[in-house]
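Visitor: Dropping a structure here in structure tokens format, bear with me for questions.
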Amino acid sequence: MTAGQLTGTARLPRPSSGRRRTGQPVTLLPGSACSLLTTAMLIEQFDAKSDDGRLAACHRISVSGHAEDDPNVPEVTWRRFQAWWRYGFASEPIETWLATDDDRHPLGCYLLWLPERENRQNAIVIALNVARDRRRQGIGRTLAGHAAGRAEQAGRSLLMSDSRIGAPGTAFAQACGALAGIQEVRRVLRVDAALPARVAGLHASAEERAAGYSLRSWSGRTPADLLGQASALHNAMEDAPHDASFEPLRWDADRLGQEEEQDIEAGMRINSVAALADDSGEMAALTQVYIADPDQADWAYQGITAVTRPHRGHRLGMLVKTAMLQRLSELEPEVRAIETGNAAANQYMIAVNEQLGFQVSDTFQNWEIEVAAALKLAE
Ligand SMILES: CC(C)(COP(=O)(O)OP(=O)(O)OC[C@H]1O[C@@H](n2cnc3c(N)ncnc32)[C@H](O)[C@@H]1OP(=O)(O)O)[C@@H](O)C(=O)NCCC(=O)NCCS
């Protein structure tokens, strides 16, 4: 599942509180636990914060399938992968599991989010990967069934995930009997020679409609005086289309501050632009763009863009996004592409993105399956 769908915003994977559950290793034998398996398989939980060896094995598994799983964007770098698998989302508990064969060769892995503050009925498979050369042997199905077992133990009734349409993950989810939820579309803006003039024109016309608002921009942590207001903007994202079974996350200053802290610790660079109402000082709009890995500074990720309800209709979305692009050209001159994700039904945001020049690269499908049904996958 992509970050945008999980959180109702396009927020990136977030560091967590680091709470860890220990699980018993499970050995599955061919012809017993899963009749498709051709080899015995040991599925073990590991601590992604301290076990670099196993985490690196998961990274290798993940990138092995890049050409068919997600070919339109760069491979996930080791640093981004670490941030993702160590911290998960929104300071919430995650579990990381690695499957190996008789000779301890890595076969597959998964990252499971067991939300505690919201979505207590759900378990979310953030990633489930099988090594490219070990696919179509029943390993994916067995891992999905294993994840369902962990979800059941945590008292969850629904298992959720997502896949790129056209990739093996979509055929797999269908074969597992999962039900389709909403779709999210990924768009990419190429930073080319024509962009600055287009952005300047769009910014000027947005400014005409946005009298009475002033911009405030910052890099890194959100200043303390704005953190409470910024969390209200994150909560405004609950209006964005999302699956009925997924409860939008509720942000407050502490939760957001902790997230930013962990993102920065993980090496991310965060750029923010807000629009504040001149009369009240209230934050009306916010946009954030991340450099997730300084070693891959040519590729940036759009985080939240939101406008609070009372302030909609003043082109503030376009105003803050164009100001952000101008800011990035100064502060992050290496950026050549910006990636964003929106629910397919999010007309307003998509219209803004298309005017800016974002182009569709991929569509992702959300999936959900009852835990009781998914448990059968490992039988
Ligand atoms: C999706 C993924 C986990 C499947 O792993 P796997 O070990 O090959 O899956 P299985 O062998 O258990 O396949 C189970 C069934 O899914 C379907 N399936 C899996 N891959 C498929 C493909 N490339 N084309 C068509 N059907 C496919 C088949 O029905 C298959 O049964 P069959 O081989 O008996 O026909 C693997 O391709 C992967 O790591 N993809 C990248 C990450 C991802 O998309 N994860 C899933 C998120 S929902």
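Note on naming: chains are A, B, ... as they come in the structure tokens, residues start from 1 per chain, ligands start from 1 in the order shown.
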Which parts of segment 65-154 of chain A does DSSP call alpha helix (DSSP H) when run on the backbone here, written out as a list in words?
Guide: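 Reading the DSSP output for segment 65-154 of chain A, alpha helix (DSSP H) covers His66, Ala67, Glu68, Asp69, Trp78, Arg79, Arg80, Phe81, Gln82, Ala83, Trp84, Trp85, Arg86, Tyr87, Ile139, Gly140, Arg141, Thr142, Leu143, Ala144, Gly145, His146, Ala147, Ala148, Gly149, Arg150, Ala151, Glu152 and Gln153 of chain A.
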Visitor: Leaving out Leu328 of chain A and any residue of its chain fewer than 3 positions from it, which residues lie within 12 Å of it when counting only C-alpha atoms, given as a PyMOL selection string?
Guide: chain A and resi 191+196+199+217-219+269-273+288-291+297-302+321-325+331-338
Visitor: Here is a test: counting only C-alpha atoms, which residue of A:Asp69, A:Ala193, A:Gly313, A:Ser62 is nearest to Ala171 of chain A?
Guide: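 Of A:Asp69, A:Ala193, A:Gly313, A:Ser62, the one nearest Ala171 of chain A is A:Asp69, counting only C-alpha atoms.
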Visitor: Tell me which protein, DNA and RNA residues are within 10 Å of segment 141-143 of chain A, counting only C-alpha atoms, leaving out same-chain ones fewer than 5 positions away, and put them as a count of residues only.
Guide: 30
Visitor: Report the residues of segment 65-309 of chain A whose backbone DSSP state falls under strand (DSSP E), written as number ranges by chain.
Guide: A: 94-100, 106-113, 122-130, 158-164, 179-190, 213-219, 269-277, 283-291, 299-307
Visitor: Write out as a PyMOL selection string which residues come within 12 Å of segment 285-287 of chain A when counting only C-alpha atoms, dropping same-chain ones fewer than 4 positions away.
Guide: chain A and resi 9-11+210+213-219+222+226-227+229-237+270-277+281+301-325+327+340+349
